[in-house]
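Containing mmCIF, N, CA and C atoms: coords00.cif.
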data_target
#
loop_
_atom_site.label_atom_id
_atom_site.label_comp_id
_atom_site.auth_asym_id
_atom_site.auth_seq_id
_atom_site.Cartn_x
_atom_site.Cartn_y
_atom_site.Cartn_z
N MET F 1 95.65 126.65 113.53
CA MET F 1 95.16 126.33 114.85
C MET F 1 95.63 127.42 115.82
N SER F 2 94.77 127.73 116.77
CA SER F 2 95.17 128.68 117.80
C SER F 2 96.06 127.98 118.81
N THR F 3 96.44 128.69 119.81
CA THR F 3 97.32 128.14 120.84
C THR F 3 96.70 126.88 121.45
N PRO F 4 97.46 125.80 121.53
CA PRO F 4 96.93 124.56 122.11
C PRO F 4 96.52 124.76 123.57
N THR F 5 95.47 124.08 123.94
CA THR F 5 94.99 124.11 125.32
C THR F 5 94.98 122.70 125.87
N ILE F 6 94.74 122.57 127.14
CA ILE F 6 94.63 121.23 127.72
C ILE F 6 93.49 120.48 127.05
N ALA F 7 92.38 121.16 126.80
CA ALA F 7 91.23 120.51 126.16
C ALA F 7 91.57 119.99 124.77
N THR F 8 92.31 120.78 123.98
CA THR F 8 92.66 120.30 122.64
C THR F 8 93.67 119.16 122.70
N ARG F 9 94.55 119.20 123.68
CA ARG F 9 95.55 118.13 123.82
C ARG F 9 94.89 116.81 124.22
N LEU F 10 93.78 116.89 124.94
CA LEU F 10 93.09 115.68 125.38
C LEU F 10 92.19 115.06 124.31
N GLN F 11 92.00 115.77 123.20
CA GLN F 11 91.20 115.20 122.10
C GLN F 11 91.94 114.00 121.52
N ARG F 12 91.20 112.96 121.26
CA ARG F 12 91.79 111.73 120.72
C ARG F 12 91.81 111.80 119.20
N ARG F 13 93.01 111.96 118.66
CA ARG F 13 93.15 112.05 117.21
C ARG F 13 94.53 111.58 116.77
N PHE F 14 94.57 111.17 115.53
CA PHE F 14 95.83 110.73 114.93
C PHE F 14 95.87 111.19 113.49
N VAL F 15 97.03 111.07 112.87
CA VAL F 15 97.23 111.47 111.48
C VAL F 15 97.39 110.22 110.62
N LEU F 16 96.75 110.23 109.47
CA LEU F 16 97.01 109.23 108.43
C LEU F 16 97.60 109.97 107.25
N MET F 17 98.82 109.60 106.88
CA MET F 17 99.44 110.16 105.69
C MET F 17 99.44 109.08 104.61
N ALA F 18 98.50 109.25 103.67
CA ALA F 18 98.33 108.29 102.58
C ALA F 18 97.45 108.93 101.51
N SER F 19 97.62 108.52 100.28
CA SER F 19 96.77 109.01 99.20
C SER F 19 95.76 107.97 98.74
N ASP F 20 95.82 106.77 99.29
CA ASP F 20 94.96 105.66 98.91
C ASP F 20 93.55 105.86 99.50
N ALA F 21 92.58 106.16 98.63
CA ALA F 21 91.22 106.44 99.08
C ALA F 21 90.60 105.24 99.80
N ALA F 22 90.93 104.02 99.36
CA ALA F 22 90.38 102.83 100.01
C ALA F 22 90.91 102.69 101.43
N LEU F 23 92.19 102.99 101.63
CA LEU F 23 92.78 102.93 102.97
C LEU F 23 92.15 103.99 103.87
N VAL F 24 91.98 105.18 103.36
CA VAL F 24 91.35 106.26 104.13
C VAL F 24 89.94 105.85 104.54
N ALA F 25 89.17 105.33 103.60
CA ALA F 25 87.78 104.92 103.88
C ALA F 25 87.74 103.79 104.90
N ALA F 26 88.63 102.82 104.76
CA ALA F 26 88.65 101.69 105.70
C ALA F 26 88.93 102.16 107.12
N LEU F 27 89.89 103.06 107.27
CA LEU F 27 90.22 103.56 108.61
C LEU F 27 89.12 104.46 109.16
N GLU F 28 88.55 105.30 108.32
CA GLU F 28 87.45 106.16 108.78
C GLU F 28 86.27 105.34 109.27
N SER F 29 85.95 104.27 108.55
CA SER F 29 84.79 103.47 108.93
C SER F 29 85.05 102.64 110.18
N ALA F 30 86.31 102.45 110.55
CA ALA F 30 86.65 101.63 111.71
C ALA F 30 87.11 102.45 112.91
N LEU F 31 87.00 103.78 112.82
CA LEU F 31 87.46 104.63 113.93
C LEU F 31 86.72 104.29 115.22
N PRO F 32 87.46 104.11 116.29
CA PRO F 32 86.80 103.90 117.59
C PRO F 32 86.04 105.16 117.99
N GLU F 33 85.02 104.97 118.78
CA GLU F 33 84.22 106.09 119.25
C GLU F 33 85.10 107.08 120.02
N GLY F 34 84.89 108.35 119.73
CA GLY F 34 85.65 109.38 120.42
C GLY F 34 86.96 109.76 119.76
N TRP F 35 87.31 109.11 118.67
CA TRP F 35 88.56 109.38 117.95
C TRP F 35 88.27 110.09 116.64
N SER F 36 89.23 110.90 116.19
CA SER F 36 89.15 111.50 114.86
C SER F 36 90.49 111.29 114.15
N MET F 37 90.41 111.32 112.83
CA MET F 37 91.58 111.08 112.01
C MET F 37 91.80 112.31 111.13
N THR F 38 93.02 112.79 111.09
CA THR F 38 93.40 113.87 110.18
C THR F 38 94.11 113.22 109.01
N HIS F 39 93.53 113.38 107.82
CA HIS F 39 94.11 112.79 106.61
C HIS F 39 94.94 113.85 105.90
N ALA F 40 96.16 113.50 105.50
CA ALA F 40 97.05 114.45 104.83
C ALA F 40 98.02 113.70 103.93
N THR F 41 98.59 114.43 102.99
CA THR F 41 99.69 113.89 102.18
C THR F 41 100.93 114.76 102.30
N ALA F 42 100.88 115.74 103.19
CA ALA F 42 102.04 116.58 103.49
C ALA F 42 101.91 117.09 104.91
N LEU F 43 103.02 117.24 105.59
CA LEU F 43 102.97 117.76 106.96
C LEU F 43 102.38 119.16 107.00
N ASP F 44 102.61 119.95 105.96
CA ASP F 44 102.05 121.30 105.90
C ASP F 44 100.53 121.27 105.89
N ASP F 45 99.94 120.18 105.38
CA ASP F 45 98.47 120.05 105.38
C ASP F 45 97.93 119.95 106.81
N ILE F 46 98.74 119.46 107.72
CA ILE F 46 98.31 119.29 109.11
C ILE F 46 98.44 120.61 109.84
N GLY F 47 99.48 121.35 109.54
CA GLY F 47 99.69 122.65 110.16
C GLY F 47 101.08 122.79 110.73
N SER F 48 101.16 123.56 111.78
CA SER F 48 102.43 123.89 112.40
C SER F 48 102.90 122.78 113.34
N PHE F 49 104.05 123.01 113.93
CA PHE F 49 104.61 122.13 114.95
C PHE F 49 103.55 121.82 116.02
N ALA F 50 102.92 122.86 116.54
CA ALA F 50 101.91 122.69 117.60
C ALA F 50 100.71 121.89 117.12
N ASP F 51 100.32 122.07 115.86
CA ASP F 51 99.18 121.33 115.31
C ASP F 51 99.50 119.84 115.21
N ILE F 52 100.69 119.53 114.74
CA ILE F 52 101.09 118.12 114.63
C ILE F 52 101.17 117.48 116.01
N LEU F 53 101.68 118.21 116.95
CA LEU F 53 101.86 117.71 118.31
C LEU F 53 100.53 117.39 119.00
N GLN F 54 99.43 117.93 118.50
CA GLN F 54 98.12 117.66 119.08
C GLN F 54 97.61 116.26 118.74
N HIS F 55 98.31 115.54 117.88
CA HIS F 55 97.92 114.19 117.48
C HIS F 55 98.73 113.17 118.28
N ARG F 56 98.13 112.03 118.57
CA ARG F 56 98.77 111.04 119.43
C ARG F 56 99.72 110.12 118.69
N PHE F 57 99.49 109.89 117.41
CA PHE F 57 100.41 109.10 116.59
C PHE F 57 100.14 109.38 115.13
N LEU F 58 101.05 108.90 114.28
CA LEU F 58 100.96 109.12 112.84
C LEU F 58 101.10 107.78 112.13
N LEU F 59 100.11 107.45 111.31
CA LEU F 59 100.18 106.28 110.42
C LEU F 59 100.68 106.77 109.07
N LEU F 60 101.70 106.13 108.54
CA LEU F 60 102.36 106.59 107.32
C LEU F 60 102.42 105.45 106.30
N ALA F 61 101.81 105.67 105.13
CA ALA F 61 101.89 104.70 104.04
C ALA F 61 103.29 104.80 103.44
N LEU F 62 104.10 103.82 103.73
CA LEU F 62 105.51 103.88 103.36
C LEU F 62 105.75 103.73 101.86
N ASP F 63 104.80 103.13 101.16
CA ASP F 63 104.97 102.90 99.72
C ASP F 63 104.11 103.84 98.88
N ASP F 64 103.72 104.96 99.44
CA ASP F 64 102.86 105.92 98.73
C ASP F 64 103.70 106.77 97.78
N ALA F 65 103.27 106.83 96.52
CA ALA F 65 104.01 107.59 95.51
C ALA F 65 103.57 109.05 95.43
N ALA F 66 102.50 109.43 96.14
CA ALA F 66 101.99 110.80 96.08
C ALA F 66 102.83 111.79 96.88
N PHE F 67 103.66 111.27 97.77
CA PHE F 67 104.55 112.12 98.58
C PHE F 67 105.76 111.28 98.96
N ASP F 68 106.73 111.88 99.60
CA ASP F 68 107.94 111.17 100.00
C ASP F 68 107.87 110.81 101.48
N PRO F 69 107.51 109.56 101.81
CA PRO F 69 107.38 109.17 103.20
C PRO F 69 108.68 109.33 104.01
N LEU F 70 109.82 109.07 103.40
CA LEU F 70 111.08 109.22 104.11
C LEU F 70 111.36 110.68 104.46
N GLU F 71 111.03 111.57 103.55
CA GLU F 71 111.18 112.99 103.83
C GLU F 71 110.26 113.40 104.98
N THR F 72 109.09 112.81 105.03
CA THR F 72 108.15 113.10 106.12
C THR F 72 108.76 112.71 107.46
N VAL F 73 109.31 111.51 107.55
CA VAL F 73 109.92 111.06 108.81
C VAL F 73 111.12 111.94 109.17
N THR F 74 111.95 112.25 108.19
CA THR F 74 113.11 113.09 108.42
C THR F 74 112.70 114.48 108.91
N THR F 75 111.69 115.04 108.30
CA THR F 75 111.20 116.36 108.72
C THR F 75 110.68 116.32 110.15
N LEU F 76 109.89 115.29 110.46
CA LEU F 76 109.36 115.16 111.83
C LEU F 76 110.48 115.06 112.86
N ARG F 77 111.45 114.21 112.58
CA ARG F 77 112.49 113.92 113.57
C ARG F 77 113.62 114.95 113.59
N ALA F 78 114.16 115.29 112.42
CA ALA F 78 115.35 116.14 112.37
C ALA F 78 115.03 117.64 112.37
N GLU F 79 114.04 118.03 111.57
CA GLU F 79 113.75 119.46 111.47
C GLU F 79 112.83 119.94 112.59
N LEU F 80 111.77 119.19 112.86
CA LEU F 80 110.81 119.62 113.87
C LEU F 80 111.12 119.06 115.26
N ALA F 81 111.97 118.04 115.31
CA ALA F 81 112.34 117.39 116.57
C ALA F 81 111.12 116.90 117.35
N LEU F 82 110.15 116.36 116.61
CA LEU F 82 108.95 115.80 117.23
C LEU F 82 109.13 114.31 117.48
N ASN F 83 108.65 113.86 118.59
CA ASN F 83 108.76 112.44 118.94
C ASN F 83 107.40 111.74 118.90
N ILE F 84 106.49 112.24 118.07
CA ILE F 84 105.21 111.59 117.88
C ILE F 84 105.47 110.20 117.28
N PRO F 85 104.81 109.15 117.78
CA PRO F 85 105.04 107.82 117.22
C PRO F 85 104.69 107.76 115.72
N VAL F 86 105.61 107.23 114.93
CA VAL F 86 105.41 107.07 113.49
C VAL F 86 105.30 105.57 113.21
N LEU F 87 104.10 105.17 112.80
CA LEU F 87 103.80 103.77 112.51
C LEU F 87 103.64 103.63 111.01
N THR F 88 104.48 102.84 110.38
CA THR F 88 104.45 102.75 108.93
C THR F 88 103.62 101.56 108.47
N LEU F 89 103.03 101.72 107.30
CA LEU F 89 102.22 100.69 106.67
C LEU F 89 102.80 100.37 105.30
N GLY F 90 103.00 99.08 105.02
CA GLY F 90 103.49 98.68 103.71
C GLY F 90 104.96 98.94 103.53
N GLY F 91 105.34 98.98 102.28
CA GLY F 91 106.74 99.21 101.95
C GLY F 91 107.51 97.90 101.85
N ASP F 92 108.54 97.93 101.02
CA ASP F 92 109.40 96.76 100.90
C ASP F 92 110.54 96.86 101.91
N ARG F 93 111.42 95.89 101.90
CA ARG F 93 112.51 95.85 102.88
C ARG F 93 113.40 97.09 102.79
N GLU F 94 113.70 97.50 101.58
CA GLU F 94 114.56 98.67 101.38
C GLU F 94 113.90 99.94 101.93
N GLN F 95 112.61 100.11 101.67
CA GLN F 95 111.89 101.28 102.19
C GLN F 95 111.83 101.25 103.72
N ARG F 96 111.60 100.08 104.27
CA ARG F 96 111.54 99.95 105.73
C ARG F 96 112.90 100.24 106.37
N ASP F 97 113.96 99.74 105.75
CA ASP F 97 115.31 100.00 106.29
C ASP F 97 115.61 101.49 106.27
N ALA F 98 115.24 102.16 105.17
CA ALA F 98 115.48 103.60 105.07
C ALA F 98 114.63 104.36 106.11
N ALA F 99 113.40 103.94 106.30
CA ALA F 99 112.54 104.58 107.29
C ALA F 99 113.07 104.33 108.71
N ARG F 100 113.60 103.16 108.94
CA ARG F 100 114.19 102.84 110.25
C ARG F 100 115.36 103.77 110.53
N LEU F 101 116.21 104.00 109.53
CA LEU F 101 117.34 104.92 109.68
C LEU F 101 116.87 106.36 109.90
N ALA F 102 115.72 106.70 109.34
CA ALA F 102 115.15 108.04 109.53
C ALA F 102 114.41 108.15 110.87
N ARG F 103 114.33 107.05 111.59
CA ARG F 103 113.76 106.96 112.93
C ARG F 103 112.24 106.81 112.98
N ALA F 104 111.68 106.09 112.00
CA ALA F 104 110.28 105.67 112.13
C ALA F 104 110.25 104.62 113.25
N ASP F 105 109.10 104.48 113.90
CA ASP F 105 109.04 103.65 115.10
C ASP F 105 108.67 102.19 114.87
N ARG F 106 107.59 101.96 114.15
CA ARG F 106 107.10 100.59 113.99
C ARG F 106 106.72 100.35 112.54
N PHE F 107 106.71 99.07 112.14
CA PHE F 107 106.51 98.70 110.74
C PHE F 107 105.46 97.60 110.65
N PHE F 108 104.45 97.82 109.81
CA PHE F 108 103.34 96.88 109.67
C PHE F 108 103.01 96.71 108.20
N GLU F 109 102.38 95.60 107.88
CA GLU F 109 101.89 95.39 106.52
C GLU F 109 100.67 96.28 106.30
N ARG F 110 100.45 96.66 105.06
CA ARG F 110 99.33 97.54 104.74
C ARG F 110 97.99 96.92 105.11
N ASP F 111 97.86 95.60 104.93
CA ASP F 111 96.57 94.95 105.24
C ASP F 111 96.29 94.86 106.74
N GLU F 112 97.24 95.27 107.56
CA GLU F 112 97.05 95.31 109.01
C GLU F 112 96.57 96.68 109.49
N ALA F 113 96.33 97.60 108.58
CA ALA F 113 96.08 99.01 108.94
C ALA F 113 94.96 99.19 109.96
N VAL F 114 93.82 98.55 109.74
CA VAL F 114 92.69 98.74 110.66
C VAL F 114 93.03 98.19 112.04
N ALA F 115 93.61 97.01 112.11
CA ALA F 115 93.96 96.42 113.40
C ALA F 115 95.01 97.25 114.12
N VAL F 116 95.99 97.75 113.38
CA VAL F 116 97.04 98.59 113.97
C VAL F 116 96.44 99.88 114.51
N MET F 117 95.58 100.52 113.71
CA MET F 117 94.93 101.75 114.14
C MET F 117 94.13 101.51 115.42
N ARG F 118 93.35 100.46 115.47
CA ARG F 118 92.55 100.17 116.67
C ARG F 118 93.45 99.89 117.88
N ARG F 119 94.50 99.13 117.67
CA ARG F 119 95.40 98.80 118.78
C ARG F 119 96.07 100.05 119.35
N PHE F 120 96.52 100.95 118.48
CA PHE F 120 97.19 102.14 118.98
C PHE F 120 96.19 103.17 119.51
N CYS F 121 95.00 103.20 118.98
CA CYS F 121 93.96 104.06 119.58
C CYS F 121 93.68 103.60 121.00
N GLU F 122 93.62 102.29 121.21
CA GLU F 122 93.40 101.77 122.57
C GLU F 122 94.59 102.12 123.47
N GLN F 123 95.79 101.96 122.94
CA GLN F 123 96.99 102.24 123.74
C GLN F 123 97.10 103.71 124.12
N TYR F 124 96.70 104.59 123.21
CA TYR F 124 96.82 106.04 123.44
C TYR F 124 95.49 106.67 123.83
N ALA F 125 94.63 105.94 124.46
CA ALA F 125 93.29 106.43 124.82
C ALA F 125 93.28 107.22 126.13
N TRP F 126 94.40 107.55 126.69
CA TRP F 126 94.45 108.26 127.96
C TRP F 126 93.68 109.53 127.93
#
Would you put the structure from the file into structure tokens?
Amino acid sequence: MSTPTIATRLQRRFVLMASDAALVAALESALPEGWSMTHATALDDIGSFADILQHRFLLLALDDAAFDPLETVTTLRAELALNIPVLTLGGDREQRDAARLARADRFFERDEAVAVMRRFCEQYAW
């Protein structure tokens, strides 16, 4: 991505980090008008610090075996020092506790994904 501009910062978009094709399809089909979703399984897939910062929030499949969700949260918070909201989906109590310690923000069941995405798209629609 080139240097961020006001216009790119005002674009309504979020990141979904998950490898589950059904989850990706469900969220894509329910995207509110004017929003876009960046699908990735690694932060490097999204791009640089500035590229990640262009997104309003990140939905993270906490129980995904295709990547390490805890490492993702740790990288965002400790290495990149980004405060983008991290909303987790799924995971058991142990995974949620570990993500909480890594400073993930909110925790939801996987079957709530569409409702959570719509709610946060509405909240971050500025």
Spatial neighbours of segment 88-98 of chain F, 8 Å, only N, CA and C atoms, chain gap at least 5 places, as a ChimeraX atom specification | /F:58-64,70,103-113
Do a neighbour search on His55 of chain F at 5 Å with all atoms listed in the file, toss out local chain neighbours closer than 3 positions, and write the hits as a PyMOL selection string.
-> chain F and resi 13-14+52
Starting from the point (96.6, 113.9, 123.3), work out which residues of protein, DNA or RNA have an atom no more than 6.5 Å away when counting all atoms listed in the file; state them as an MDAnalysis selection string.
-> chainID F and resid 8:13 54:56
Using only C-alpha atoms, which of the listed residues (F:Asp51, F:Glu28, F:Asp68, F:Asp45) sits closest to Ile84 of chain F?
-> F:Asp51
Show which residues sit within 8 Å of Ala18 of chain F, as a compact mmCIF listing (two decimals) with N, CA and C atoms, keeping the file's coordinate frame. Count only C-alpha atoms, and ignore same-chain residues fewer than 2 positions away.
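So part.txt came out as:
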# COMPACT_ATOMS: atom_id res chain seq x y z
N LEU F 16 96.75 110.23 109.47
CA LEU F 16 97.01 109.23 108.43
C LEU F 16 97.60 109.97 107.25
N ASP F 20 95.82 106.77 99.29
CA ASP F 20 94.96 105.66 98.91
C ASP F 20 93.55 105.86 99.50
N LEU F 23 92.19 102.99 101.63
CA LEU F 23 92.78 102.93 102.97
C LEU F 23 92.15 103.99 103.87
N VAL F 24 91.98 105.18 103.36
CA VAL F 24 91.35 106.26 104.13
C VAL F 24 89.94 105.85 104.54
N HIS F 39 93.53 113.38 107.82
CA HIS F 39 94.11 112.79 106.61
C HIS F 39 94.94 113.85 105.90
N ALA F 40 96.16 113.50 105.50
CA ALA F 40 97.05 114.45 104.83
C ALA F 40 98.02 113.70 103.93
N THR F 41 98.59 114.43 102.99
CA THR F 41 99.69 113.89 102.18
C THR F 41 100.93 114.76 102.30
N LEU F 60 101.70 106.13 108.54
CA LEU F 60 102.36 106.59 107.32
C LEU F 60 102.42 105.45 106.30
N ALA F 61 101.81 105.67 105.13
CA ALA F 61 101.89 104.70 104.04
C ALA F 61 103.29 104.80 103.44
N ASP F 64 103.72 104.96 99.44
CA ASP F 64 102.86 105.92 98.73
C ASP F 64 103.70 106.77 97.78
N ALA F 66 102.50 109.43 96.14
CA ALA F 66 101.99 110.80 96.08
C ALA F 66 102.83 111.79 96.88
Backbone-only DSSP, alpha helix (DSSP H) members of segment 41-92 of chain F, as number ranges by chain = F: 43-46, 49-53, 69-74
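Closest approach to Tyr124 of chain F among F:Ala81, F:Phe57, F:Thr3, F:Pro69: F:Phe57, based on all atoms listed in the file.
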Nearest-residue call for Ala78 of chain F, choices F:Leu27, F:Val15, F:Ala102, F:Ile46, using only N, CA and C atoms = F:Ala102
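Note that the spacing between atom CA of Ala50 of chain F and atom CA of Asn83 of chain F amounts to 12.4 Å.
As for atom N of Leu87 of chain F and atom C of Leu31 of chain F, they are spaced 17.6 Å apart.
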